[in-house]
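Text of entry_32.cif, listed as mmCIF, C-alpha atoms and all ligand atoms:
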data_query
#
loop_
_atom_site.label_atom_id
_atom_site.label_comp_id
_atom_site.auth_asym_id
_atom_site.auth_seq_id
_atom_site.Cartn_x
_atom_site.Cartn_y
_atom_site.Cartn_z
CA MET A 7 -157.09 69.75 -184.53
CA ASN A 8 -155.71 71.30 -187.72
CA THR A 9 -157.75 72.38 -190.73
CA GLN A 10 -157.78 68.81 -192.09
CA GLY A 11 -159.38 67.65 -188.90
CA GLU A 12 -156.31 65.69 -187.83
CA PRO A 13 -154.96 65.93 -184.33
CA THR A 14 -152.08 68.41 -184.32
CA LEU A 15 -148.81 67.52 -182.63
CA LYS A 16 -149.28 68.00 -178.94
CA GLN A 17 -146.90 70.31 -177.18
CA PHE A 18 -144.26 68.50 -175.17
CA PHE A 19 -143.20 69.97 -171.83
CA PRO A 20 -139.72 68.80 -170.77
CA VAL A 21 -138.84 68.68 -167.07
CA SER A 22 -136.19 71.26 -167.65
CA GLN A 23 -134.74 73.56 -170.26
CA PRO A 24 -132.29 76.43 -170.04
CA SER A 25 -133.25 80.01 -170.88
CA ILE A 26 -130.71 81.20 -173.44
CA GLY A 27 -130.97 84.76 -174.76
CA GLU A 28 -129.09 87.25 -176.92
CA LYS A 29 -126.59 88.15 -174.20
CA GLU A 30 -125.55 84.51 -173.92
CA LEU A 31 -124.89 84.37 -177.69
CA GLU A 32 -123.07 87.68 -177.63
CA TYR A 33 -120.73 86.85 -174.73
CA VAL A 34 -119.93 83.33 -175.93
CA SER A 35 -119.20 84.66 -179.44
CA ASP A 36 -117.01 87.34 -177.93
CA ALA A 37 -115.09 84.72 -175.95
CA VAL A 38 -114.62 82.54 -179.04
CA ARG A 39 -113.50 85.48 -181.18
CA SER A 40 -111.07 86.68 -178.51
CA GLY A 41 -109.10 83.45 -178.82
CA TRP A 42 -109.27 82.96 -175.03
CA VAL A 43 -111.14 79.70 -175.30
CA SER A 44 -109.46 77.76 -172.50
CA SER A 45 -109.19 78.54 -168.82
CA ILE A 46 -107.68 82.02 -168.97
CA GLY A 47 -109.89 84.97 -169.85
CA LYS A 48 -111.89 87.90 -168.58
CA TYR A 49 -115.17 86.03 -168.25
CA ILE A 50 -113.79 83.63 -165.65
CA GLU A 51 -112.80 86.42 -163.28
CA SER A 52 -116.10 88.23 -163.89
CA PHE A 53 -118.13 85.11 -163.28
CA GLU A 54 -116.30 84.43 -160.02
CA ALA A 55 -116.65 88.01 -158.81
CA MET A 56 -120.34 88.17 -159.70
CA PHE A 57 -121.02 84.86 -158.03
CA ALA A 58 -119.19 85.77 -154.82
CA GLY A 59 -121.21 89.00 -154.72
CA PHE A 60 -124.43 87.08 -155.29
CA CYS A 61 -123.75 84.64 -152.44
CA GLY A 62 -122.22 87.22 -150.14
CA THR A 63 -118.89 85.42 -149.79
CA LYS A 64 -115.36 86.81 -150.00
CA TYR A 65 -114.29 84.24 -152.57
CA ALA A 66 -115.69 82.18 -155.41
CA LEU A 67 -113.69 79.74 -157.52
CA ALA A 68 -115.02 78.45 -160.84
CA THR A 69 -114.56 74.76 -161.69
CA SER A 70 -115.30 72.43 -164.59
CA ASN A 71 -118.51 71.13 -162.97
CA GLY A 72 -120.30 70.76 -159.65
CA THR A 73 -118.86 67.33 -158.93
CA THR A 74 -115.28 68.58 -159.28
CA ALA A 75 -116.16 71.57 -157.08
CA LEU A 76 -117.37 69.13 -154.40
CA HIS A 77 -114.26 66.98 -154.69
CA LEU A 78 -112.01 70.04 -154.63
CA ALA A 79 -113.80 71.39 -151.54
CA LEU A 80 -113.40 68.09 -149.70
CA VAL A 81 -109.70 67.70 -150.55
CA SER A 82 -109.02 71.37 -149.73
CA ALA A 83 -110.70 70.89 -146.36
CA GLY A 84 -108.30 68.00 -145.69
CA ILE A 85 -110.78 65.12 -146.05
CA LYS A 86 -108.96 61.86 -146.76
CA SER A 87 -109.01 58.10 -146.48
CA GLY A 88 -110.13 56.90 -143.05
CA ASP A 89 -112.41 59.90 -142.47
CA GLU A 90 -116.19 59.76 -142.35
CA VAL A 91 -118.42 62.28 -144.09
CA ILE A 92 -122.12 62.59 -143.31
CA ILE A 93 -124.48 63.24 -146.22
CA PRO A 94 -128.27 63.05 -146.62
CA ASP A 95 -129.40 59.72 -148.09
CA LEU A 96 -131.68 61.50 -150.57
CA THR A 97 -129.47 63.43 -152.98
CA PHE A 98 -127.92 63.25 -156.43
CA VAL A 99 -125.22 60.58 -156.38
CA ALA A 100 -122.46 63.15 -157.02
CA THR A 101 -122.58 64.17 -153.34
CA ALA A 102 -121.63 60.63 -152.32
CA ASN A 103 -119.22 59.99 -155.17
CA ALA A 104 -117.15 63.09 -154.42
CA VAL A 105 -116.66 61.81 -150.88
CA THR A 106 -115.66 58.40 -152.23
CA TYR A 107 -113.03 59.97 -154.54
CA THR A 108 -111.19 61.20 -151.40
CA GLY A 109 -111.10 57.70 -149.91
CA ALA A 110 -113.35 58.80 -147.05
CA LYS A 111 -116.41 56.80 -146.02
CA VAL A 112 -119.89 57.98 -146.99
CA VAL A 113 -122.29 58.01 -144.03
CA PRO A 114 -125.84 58.62 -145.30
CA VAL A 115 -128.44 59.84 -142.81
CA ASP A 116 -132.18 60.31 -142.98
CA ILE A 117 -133.99 63.44 -144.08
CA ASP A 118 -136.77 65.67 -142.79
CA SER A 119 -139.98 64.61 -144.55
CA ARG A 120 -141.05 68.17 -145.29
CA THR A 121 -137.88 70.01 -146.35
CA LEU A 122 -136.37 66.81 -147.85
CA CYS A 123 -133.03 67.97 -146.42
CA MET A 124 -130.83 66.18 -143.88
CA ASP A 125 -132.33 65.72 -140.42
CA PRO A 126 -130.06 67.33 -137.79
CA VAL A 127 -131.12 64.74 -135.19
CA ALA A 128 -129.97 61.96 -137.52
CA VAL A 129 -126.70 63.82 -138.13
CA GLU A 130 -126.02 64.04 -134.42
CA ARG A 131 -126.63 60.31 -134.02
CA ALA A 132 -124.26 59.49 -136.90
CA ILE A 133 -121.27 61.41 -135.54
CA THR A 134 -118.29 59.26 -134.52
CA PRO A 135 -114.70 60.13 -133.60
CA ARG A 136 -113.86 59.65 -137.30
CA THR A 137 -116.41 62.19 -138.59
CA ARG A 138 -114.60 65.02 -140.35
CA ALA A 139 -117.30 66.74 -142.41
CA ILE A 140 -121.02 67.18 -142.91
CA ILE A 141 -122.47 67.91 -146.36
CA PRO A 142 -125.97 69.39 -146.13
CA VAL A 143 -127.68 69.32 -149.53
CA HIS A 144 -130.18 72.09 -150.25
CA LEU A 145 -132.40 69.68 -152.12
CA TYR A 146 -134.65 70.86 -154.96
CA GLY A 147 -133.99 74.47 -153.89
CA HIS A 148 -134.90 74.27 -150.18
CA ALA A 149 -132.21 75.29 -147.69
CA ALA A 150 -131.16 72.66 -145.14
CA GLN A 151 -131.41 73.57 -141.44
CA MET A 152 -128.07 75.31 -141.34
CA GLY A 153 -128.42 76.84 -137.86
CA ARG A 154 -128.71 73.48 -136.14
CA LEU A 155 -126.19 71.81 -138.42
CA MET A 156 -123.58 74.51 -137.81
CA ALA A 157 -124.09 74.17 -134.05
CA ILE A 158 -123.59 70.39 -134.24
CA ALA A 159 -120.50 70.84 -136.43
CA LYS A 160 -119.00 73.36 -134.04
CA GLU A 161 -119.60 71.14 -131.03
CA HIS A 162 -117.83 68.23 -132.70
CA GLY A 163 -115.14 70.18 -134.53
CA VAL A 164 -116.12 69.09 -138.05
CA VAL A 165 -116.37 71.13 -141.24
CA VAL A 166 -119.58 71.90 -143.12
CA LEU A 167 -119.55 71.87 -146.92
CA GLU A 168 -122.87 72.99 -148.37
CA ASP A 169 -123.96 71.19 -151.52
CA ALA A 170 -125.93 74.07 -153.02
CA ALA A 171 -125.86 72.64 -156.56
CA GLU A 172 -129.66 72.97 -156.76
CA ALA A 173 -130.22 76.10 -154.74
CA HIS A 174 -128.58 79.25 -156.15
CA GLY A 175 -130.10 82.14 -154.20
CA ALA A 176 -131.95 80.05 -151.60
CA GLU A 177 -131.87 81.56 -148.12
CA ILE A 178 -132.22 80.63 -144.49
CA GLY A 179 -132.34 83.21 -141.70
CA GLY A 180 -131.72 85.94 -144.29
CA ARG A 181 -128.45 84.38 -145.47
CA ARG A 182 -127.81 82.87 -148.84
CA VAL A 183 -126.80 79.24 -149.09
CA GLY A 184 -123.15 78.73 -149.91
CA SER A 185 -122.16 81.50 -147.48
CA ILE A 186 -123.05 79.76 -144.21
CA GLY A 187 -120.88 76.65 -143.99
CA ASP A 188 -117.09 76.58 -144.26
CA CYS A 189 -117.59 76.28 -147.99
CA GLY A 190 -120.38 76.06 -150.57
CA VAL A 191 -120.55 74.23 -153.86
CA PHE A 192 -122.73 75.02 -156.89
CA SER A 193 -123.44 73.43 -160.26
CA PHE A 194 -124.17 75.10 -163.59
CA TYR A 195 -125.23 71.99 -165.46
CA GLY A 196 -127.84 72.67 -168.16
CA ASN A 197 -130.82 71.96 -165.92
CA LYS A 198 -129.73 73.98 -162.88
CA VAL A 199 -130.95 77.44 -161.79
CA ILE A 200 -128.40 79.01 -164.13
CA THR A 201 -126.12 77.21 -166.56
CA SER A 202 -122.67 77.52 -168.06
CA GLY A 203 -123.11 74.32 -170.07
CA GLU A 204 -121.14 72.34 -167.56
CA GLY A 205 -119.62 74.18 -164.66
CA GLY A 206 -119.27 74.53 -160.94
CA MET A 207 -118.33 77.05 -158.26
CA LEU A 208 -116.83 76.84 -154.83
CA THR A 209 -117.73 79.68 -152.44
CA THR A 210 -116.08 80.48 -149.13
CA ASN A 211 -115.04 83.19 -146.69
CA ASP A 212 -111.99 81.20 -145.64
CA ALA A 213 -108.85 82.55 -147.32
CA ASP A 214 -106.79 79.42 -146.60
CA LEU A 215 -109.41 77.10 -148.03
CA TYR A 216 -109.80 79.31 -151.10
CA LEU A 217 -106.07 79.46 -151.79
CA LYS A 218 -105.69 75.72 -151.29
CA ALA A 219 -108.58 75.01 -153.67
CA LYS A 220 -107.21 77.46 -156.24
CA LEU A 221 -103.83 75.76 -156.14
CA LEU A 222 -105.26 72.24 -156.43
CA ARG A 223 -107.59 73.29 -159.27
CA ASP A 224 -104.51 73.92 -161.42
CA HIS A 225 -102.38 70.84 -160.70
CA ALA A 226 -100.93 72.53 -157.60
CA MET A 227 -98.46 74.45 -159.74
CA SER A 228 -96.10 76.53 -157.66
CA ALA A 229 -96.89 80.26 -157.81
CA ASP A 230 -93.25 81.33 -158.17
CA LYS A 231 -91.81 78.39 -160.10
CA ARG A 232 -93.77 77.39 -163.18
CA TYR A 233 -94.11 73.67 -163.86
CA TRP A 234 -92.98 72.85 -160.37
CA HIS A 235 -95.60 70.92 -158.38
CA THR A 236 -95.44 70.14 -154.69
CA GLU A 237 -98.45 67.83 -154.47
CA VAL A 238 -100.92 65.95 -156.64
CA GLY A 239 -103.51 68.43 -157.88
CA PHE A 240 -106.20 68.34 -160.56
CA ASN A 241 -107.28 70.04 -163.73
CA TYR A 242 -110.69 71.21 -162.51
CA ARG A 243 -110.63 74.56 -164.33
CA MET A 244 -113.60 76.21 -166.04
CA THR A 245 -113.14 77.52 -169.58
CA ASN A 246 -113.67 81.12 -170.61
CA LEU A 247 -116.43 79.87 -172.97
CA GLN A 248 -118.36 78.36 -170.07
CA ALA A 249 -117.79 81.47 -167.98
CA ALA A 250 -119.08 83.71 -170.81
CA LEU A 251 -122.36 81.81 -170.74
CA GLY A 252 -122.32 81.97 -166.94
CA VAL A 253 -121.83 85.75 -166.86
CA ALA A 254 -124.78 86.29 -169.20
CA GLN A 255 -126.90 84.05 -166.96
CA MET A 256 -125.75 85.89 -163.82
CA GLU A 257 -127.07 89.12 -165.30
CA ARG A 258 -130.51 87.48 -165.34
CA ILE A 259 -130.39 85.35 -162.20
CA ASP A 260 -132.65 87.56 -160.08
CA ASP A 261 -135.32 87.44 -162.79
CA PHE A 262 -134.89 83.67 -163.14
CA ILE A 263 -135.47 83.14 -159.43
CA ALA A 264 -138.45 85.50 -159.32
CA LYS A 265 -139.94 83.59 -162.25
CA ARG A 266 -139.39 80.24 -160.53
CA LEU A 267 -141.35 81.50 -157.53
CA GLN A 268 -144.10 82.60 -159.89
CA VAL A 269 -144.18 79.24 -161.68
CA MET A 270 -144.44 77.47 -158.31
CA GLN A 271 -147.35 79.73 -157.34
CA TRP A 272 -149.16 78.81 -160.57
CA TYR A 273 -148.69 75.12 -159.78
CA ARG A 274 -150.06 75.72 -156.29
CA ASN A 275 -153.08 77.52 -157.72
CA HIS A 276 -153.92 74.54 -159.90
CA LEU A 277 -152.93 71.54 -157.78
CA GLU A 278 -152.94 72.48 -154.14
CA GLY A 279 -155.89 71.24 -152.18
CA CYS A 280 -156.12 68.03 -154.19
CA PRO A 281 -156.39 65.17 -151.72
CA LYS A 282 -153.32 62.91 -151.60
CA LEU A 283 -151.05 65.48 -153.30
CA ARG A 284 -148.27 67.38 -151.64
CA LEU A 285 -146.22 70.10 -153.33
CA ASN A 286 -142.92 71.72 -152.27
CA TYR A 287 -142.68 72.86 -148.68
CA GLN A 288 -141.16 76.13 -147.54
CA GLU A 289 -140.05 76.22 -143.93
CA PRO A 290 -140.75 79.56 -142.20
CA GLY A 291 -137.59 81.68 -142.25
CA THR A 292 -136.34 80.16 -145.50
CA LYS A 293 -136.52 81.17 -149.13
CA ASN A 294 -137.04 78.21 -151.44
CA VAL A 295 -135.94 78.84 -155.04
CA TYR A 296 -137.93 75.83 -156.31
CA TRP A 297 -135.30 74.33 -158.58
CA MET A 298 -137.73 71.47 -159.17
CA VAL A 299 -141.47 71.38 -158.68
CA CYS A 300 -141.99 68.44 -156.35
CA MET A 301 -145.22 66.46 -156.26
CA GLU A 302 -145.58 63.68 -153.73
CA MET A 303 -148.50 61.32 -153.92
CA ILE A 304 -149.60 59.92 -150.60
CA GLY A 305 -150.04 56.15 -150.31
CA ILE A 306 -148.91 55.12 -153.81
CA THR A 307 -146.48 52.36 -154.77
CA GLU A 308 -143.50 52.70 -157.07
CA SER A 309 -145.28 50.76 -159.82
CA ILE A 310 -148.19 53.20 -159.79
CA ARG A 311 -145.71 56.05 -159.99
CA THR A 312 -144.11 54.41 -163.04
CA GLU A 313 -147.52 54.11 -164.66
CA ILE A 314 -148.35 57.75 -163.88
CA MET A 315 -145.05 58.94 -165.35
CA GLY A 316 -145.61 56.90 -168.50
CA ARG A 317 -149.11 58.24 -168.99
CA LEU A 318 -147.97 61.83 -168.39
CA ARG A 319 -145.20 61.41 -170.93
CA ASN A 320 -147.66 60.11 -173.53
CA ALA A 321 -149.81 63.16 -172.89
CA GLY A 322 -146.85 65.50 -173.41
CA VAL A 323 -145.72 66.10 -169.83
CA ASP A 324 -142.23 64.92 -168.96
CA THR A 325 -141.46 64.13 -165.32
CA ARG A 326 -138.62 62.62 -163.37
CA PRO A 327 -138.68 60.47 -160.26
CA TYR A 328 -137.26 61.75 -156.98
CA PHE A 329 -133.68 60.69 -156.35
CA TYR A 330 -133.26 57.16 -155.00
CA PRO A 331 -131.55 56.79 -151.63
CA VAL A 332 -127.80 56.62 -152.13
CA SER A 333 -127.67 53.79 -149.59
CA ASP A 334 -129.71 51.57 -151.93
CA MET A 335 -127.08 51.74 -154.66
CA PRO A 336 -124.75 48.76 -155.03
CA MET A 337 -121.54 50.69 -154.34
CA TYR A 338 -122.74 52.10 -151.00
CA ALA A 339 -123.52 50.45 -147.68
CA ARG A 340 -127.16 50.10 -146.77
CA ALA A 341 -128.57 52.56 -144.26
CA GLU A 342 -131.62 52.70 -142.06
CA THR A 343 -133.33 55.79 -143.46
CA PRO A 344 -137.11 55.20 -143.45
CA VAL A 345 -138.14 58.73 -144.40
CA ALA A 346 -135.83 58.91 -147.42
CA HIS A 347 -136.95 55.46 -148.52
CA ASP A 348 -140.64 56.25 -148.19
CA VAL A 349 -140.63 59.64 -149.90
CA SER A 350 -138.24 58.62 -152.67
CA LEU A 351 -140.69 56.23 -154.31
CA ARG A 352 -143.72 58.52 -154.13
CA GLY A 353 -142.34 61.73 -155.58
CA VAL A 354 -142.03 63.13 -159.08
CA ASN A 355 -140.68 66.40 -160.41
CA LEU A 356 -142.93 68.24 -162.86
CA PRO A 357 -141.74 70.62 -165.63
CA SER A 358 -139.76 73.30 -163.80
CA TYR A 359 -138.17 76.02 -165.89
CA THR A 360 -138.05 79.74 -166.24
CA ASP A 361 -139.73 80.04 -169.62
CA LEU A 362 -143.00 78.31 -168.62
CA SER A 363 -146.06 80.52 -169.04
CA GLU A 364 -149.15 80.52 -166.85
CA ASP A 365 -151.03 78.84 -169.67
CA ASP A 366 -148.35 76.12 -169.92
CA VAL A 367 -148.71 75.40 -166.20
CA ARG A 368 -152.50 75.36 -166.51
CA GLN A 369 -152.27 72.79 -169.32
CA ILE A 370 -149.74 70.67 -167.44
CA CYS A 371 -151.90 70.66 -164.30
CA ARG A 372 -155.00 69.70 -166.27
CA ILE A 373 -153.14 66.70 -167.70
CA VAL A 374 -151.76 65.79 -164.27
CA ARG A 375 -155.24 65.80 -162.74
CA GLN A 376 -156.65 63.75 -165.62
CA VAL A 377 -153.94 61.10 -165.33
CA LEU A 378 -154.18 60.94 -161.54
CA THR A 379 -157.93 60.47 -161.83
CA THR A 380 -157.51 57.72 -164.43
CA VAL A 381 -155.18 55.70 -162.21
CA GLY A 382 -157.38 56.29 -159.17
CA VAL A 383 -155.07 58.51 -157.11
CA LEU A 384 -157.59 61.35 -157.34
CA PRO A 385 -161.33 60.71 -157.09
C1 LIG B 1 -126.17 68.59 -160.08
C2 LIG B 1 -125.72 68.19 -158.72
C3 LIG B 1 -124.37 67.97 -158.41
C4 LIG B 1 -123.28 67.84 -159.44
O1 LIG B 1 -123.16 68.84 -160.32
P1 LIG B 1 -122.55 68.56 -161.79
O2 LIG B 1 -122.29 69.95 -162.25
O3 LIG B 1 -123.60 67.86 -162.55
O4 LIG B 1 -121.31 67.78 -161.62
C5 LIG B 1 -124.03 67.72 -157.09
N1 LIG B 1 -124.95 67.67 -156.13
C6 LIG B 1 -126.25 67.85 -156.38
C7 LIG B 1 -127.22 67.79 -155.25
C8 LIG B 1 -126.69 68.09 -157.68
O5 LIG B 1 -127.99 68.24 -157.94
#
The structure given in the file should be rewritten as structure tokens.
Amino acid sequence: MNTQGEPTLKQFFPVSQPSIGEKELEYVSDAVRSGWVSSIGKYIESFEAMFAGFCGTKYALATSNGTTALHLALVSAGIKSGDEVIIPDLTFVATANAVTYTGAKVVPVDIDSRTLCMDPVAVERAITPRTRAIIPVHLYGHAAQMGRLMAIAKEHGVVVLEDAAEAHGAEIGGRRVGSIGDCGVFSFYGNKVITSGEGGMLTTNDADLYLKAKLLRDHAMSADKRYWHTEVGFNYRMTNLQAALGVAQMERIDDFIAKRLQVMQWYRNHLEGCPKLRLNYQEPGTKNVYWMVCMEMIGITESIRTEIMGRLRNAGVDTRPYFYPVSDMPMYARAETPVAHDVSLRGVNLPSYTDLSEDDVRQICRIVRQVLTTVGVLP
């Protein structure tokens, strides 16, 4: 209430917002002023070097976005028409679309109900003589079961491309995601762990794969004969402007991740223990970076979820639904994935960003509990 006794504008909590500080402004201005506004410039090399160091890989290659990084990784690994690529059914559609761009067939498999990442048993069942690659997605910041997936891949002679678009800094067995498979792929879209506006990164320890990807990123232009091209490449380059933003964010990434863990703990303090609610899981031996706060409601229907999301929005709390199974979308073949189908309709993501305060989270959780009580999910 304000002094006139009218209700003041309620605060609105978005699901996501980037944390942009002085360094970001300074580096981007510097890049603009330097005149190096396209895809040559000092920030690109710095961003790549910093990111390789962060992941613990020999190489990192910046791209225009995460989807192009995925496509570039697949093409560089030799994936083509006639091949099959196994992906988890619950993921952002870009994982599937990048496979489709190569002409290969998308084979979606079911997920583990706790980690929400691909189920290695389902992967093993889906392997055929045409399988060429597996793309584990480290969904919502939780690392997929890389140990078992790498063993399966090795046994069948297929490559593993990690879709780490949502999991910068996540770990399993003490190793960072993006450094375990043959190649890793990251996104720096505005709502990701760090942002460069739009942007992506390919990480690898494989020199051949790196060089191939680097060549294809720039229209496969011959290194010793300019404007001579030996195959069909792409323009998937990142600009120096994007990289300037990325470098500033890299300087703060450890703090961002620490803060995400803190925000998750605040949510746990206020919501855990409520009957019928389940928050993000963290498998022993993994480090979840909690890209999105996940709240699953046990036993609800999709229409109740829609009502809950509408009521939360009216009360100033934005949410988003879990991803829908890729195999339900009209351009992909249907798949038998009961876990993905069940969990997909019962989950929402709550406001998840670095600049949330403890008081913000307390307010959000109070509204969540009120709404869930109103619709009868909580007693
Ligand atoms: C964001 C995202 C991508 C794509 O990244 P863009 O930078 O938006 O192209 C790919 N896979 C997953 C799982 C994502 O969340």
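Taking only C-alpha atoms and all ligand atoms into account, every polymer residue with at least one atom at most 8 Å away from ligand LIG 1 (chain B) is listed here: A:Ser70, A:Asn71, A:Gly72, A:Thr73, A:Thr74, A:Ala75, A:Leu76, A:Thr97, A:Phe98, A:Val99, A:Ala100, A:Thr101, A:Val143, A:His144, A:Leu145, A:Tyr146, A:Asp169, A:Ala170, A:Ala171, A:Glu172, A:Phe192, A:Ser193, A:Phe194, A:Tyr195, A:Lys198, A:Glu204, A:Gly205, A:Gly206.
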key: Atom pair atom CA of Val113 of chain A / atom CA of Lys160 of chain A: separation (Å)   = 18.6 Å
task = Please provide the set of residues having any atom within 10 Å of Pro290 of chain A, restricted to all atoms listed in the file, with same-chain residues fewer than 2 positions apart removed, written as a count of residues only.
result = 6
task = Please indicate the distance in Å from atom CA of Ile200 of chain A to atom CA of Val253 of chain A, rounded to one decimal place.
result =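 Between atom CA of Ile200 of chain A and atom CA of Val253 of chain A the gap works out to 9.8 Å.
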key: From A:Leu221, A:Ile50, A:Gly382, A:Lys64, residue lying nearest Glu237 of chain A [all atoms listed in the file]   =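 Smallest separation from Glu237 of chain A among the options: A:Leu221.
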Completed segment 243-263 of chain A (N, CA and C atoms) as a short mmCIF file (atom, residue, chain, number, x, y, z; two decimals), in the frame of the given file:
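Written file, result28.cif:
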data_model
loop_
_atom_site.label_atom_id
_atom_site.label_comp_id
_atom_site.auth_asym_id
_atom_site.auth_seq_id
_atom_site.Cartn_x
_atom_site.Cartn_y
_atom_site.Cartn_z
N ARG A 243 -110.37 73.18 -163.93
CA ARG A 243 -110.63 74.56 -164.33
C ARG A 243 -111.87 74.68 -165.21
N MET A 244 -112.50 75.86 -165.13
CA MET A 244 -113.60 76.21 -166.04
C MET A 244 -113.01 76.93 -167.24
N THR A 245 -113.64 76.77 -168.41
CA THR A 245 -113.14 77.52 -169.58
C THR A 245 -113.80 78.90 -169.65
N ASN A 246 -113.14 79.78 -170.39
CA ASN A 246 -113.67 81.12 -170.61
C ASN A 246 -115.00 81.06 -171.38
N LEU A 247 -115.16 80.03 -172.22
CA LEU A 247 -116.43 79.87 -172.97
C LEU A 247 -117.58 79.59 -172.02
N GLN A 248 -117.33 78.65 -171.07
CA GLN A 248 -118.36 78.36 -170.07
C GLN A 248 -118.67 79.60 -169.25
N ALA A 249 -117.61 80.30 -168.84
CA ALA A 249 -117.79 81.47 -167.98
C ALA A 249 -118.55 82.58 -168.72
N ALA A 250 -118.35 82.69 -170.04
CA ALA A 250 -119.08 83.71 -170.81
C ALA A 250 -120.58 83.45 -170.74
N LEU A 251 -120.95 82.19 -170.88
CA LEU A 251 -122.36 81.81 -170.74
C LEU A 251 -122.83 82.10 -169.31
N GLY A 252 -121.98 81.76 -168.35
CA GLY A 252 -122.32 81.97 -166.94
C GLY A 252 -122.53 83.43 -166.59
N VAL A 253 -121.69 84.32 -167.14
CA VAL A 253 -121.83 85.75 -166.86
C VAL A 253 -123.16 86.27 -167.39
N ALA A 254 -123.51 85.85 -168.62
CA ALA A 254 -124.78 86.29 -169.20
C ALA A 254 -125.95 85.81 -168.33
N GLN A 255 -125.83 84.59 -167.81
CA GLN A 255 -126.90 84.05 -166.96
C GLN A 255 -126.95 84.79 -165.61
N MET A 256 -125.78 85.15 -165.09
CA MET A 256 -125.75 85.89 -163.82
C MET A 256 -126.45 87.23 -163.93
N GLU A 257 -126.39 87.83 -165.11
CA GLU A 257 -127.07 89.12 -165.30
C GLU A 257 -128.58 88.96 -165.21
N ARG A 258 -129.07 87.73 -165.36
CA ARG A 258 -130.51 87.48 -165.34
C ARG A 258 -130.98 86.66 -164.15
N ILE A 259 -130.04 86.34 -163.23
CA ILE A 259 -130.39 85.35 -162.20
C ILE A 259 -131.52 85.81 -161.28
N ASP A 260 -131.57 87.09 -160.97
CA ASP A 260 -132.65 87.56 -160.08
C ASP A 260 -134.01 87.37 -160.75
N ASP A 261 -134.06 87.64 -162.05
CA ASP A 261 -135.32 87.44 -162.79
C ASP A 261 -135.67 85.95 -162.87
N PHE A 262 -134.65 85.13 -163.09
CA PHE A 262 -134.89 83.67 -163.14
C PHE A 262 -135.53 83.18 -161.84
N ILE A 263 -134.98 83.63 -160.73
CA ILE A 263 -135.47 83.14 -159.43
C ILE A 263 -136.88 83.66 -159.17
#
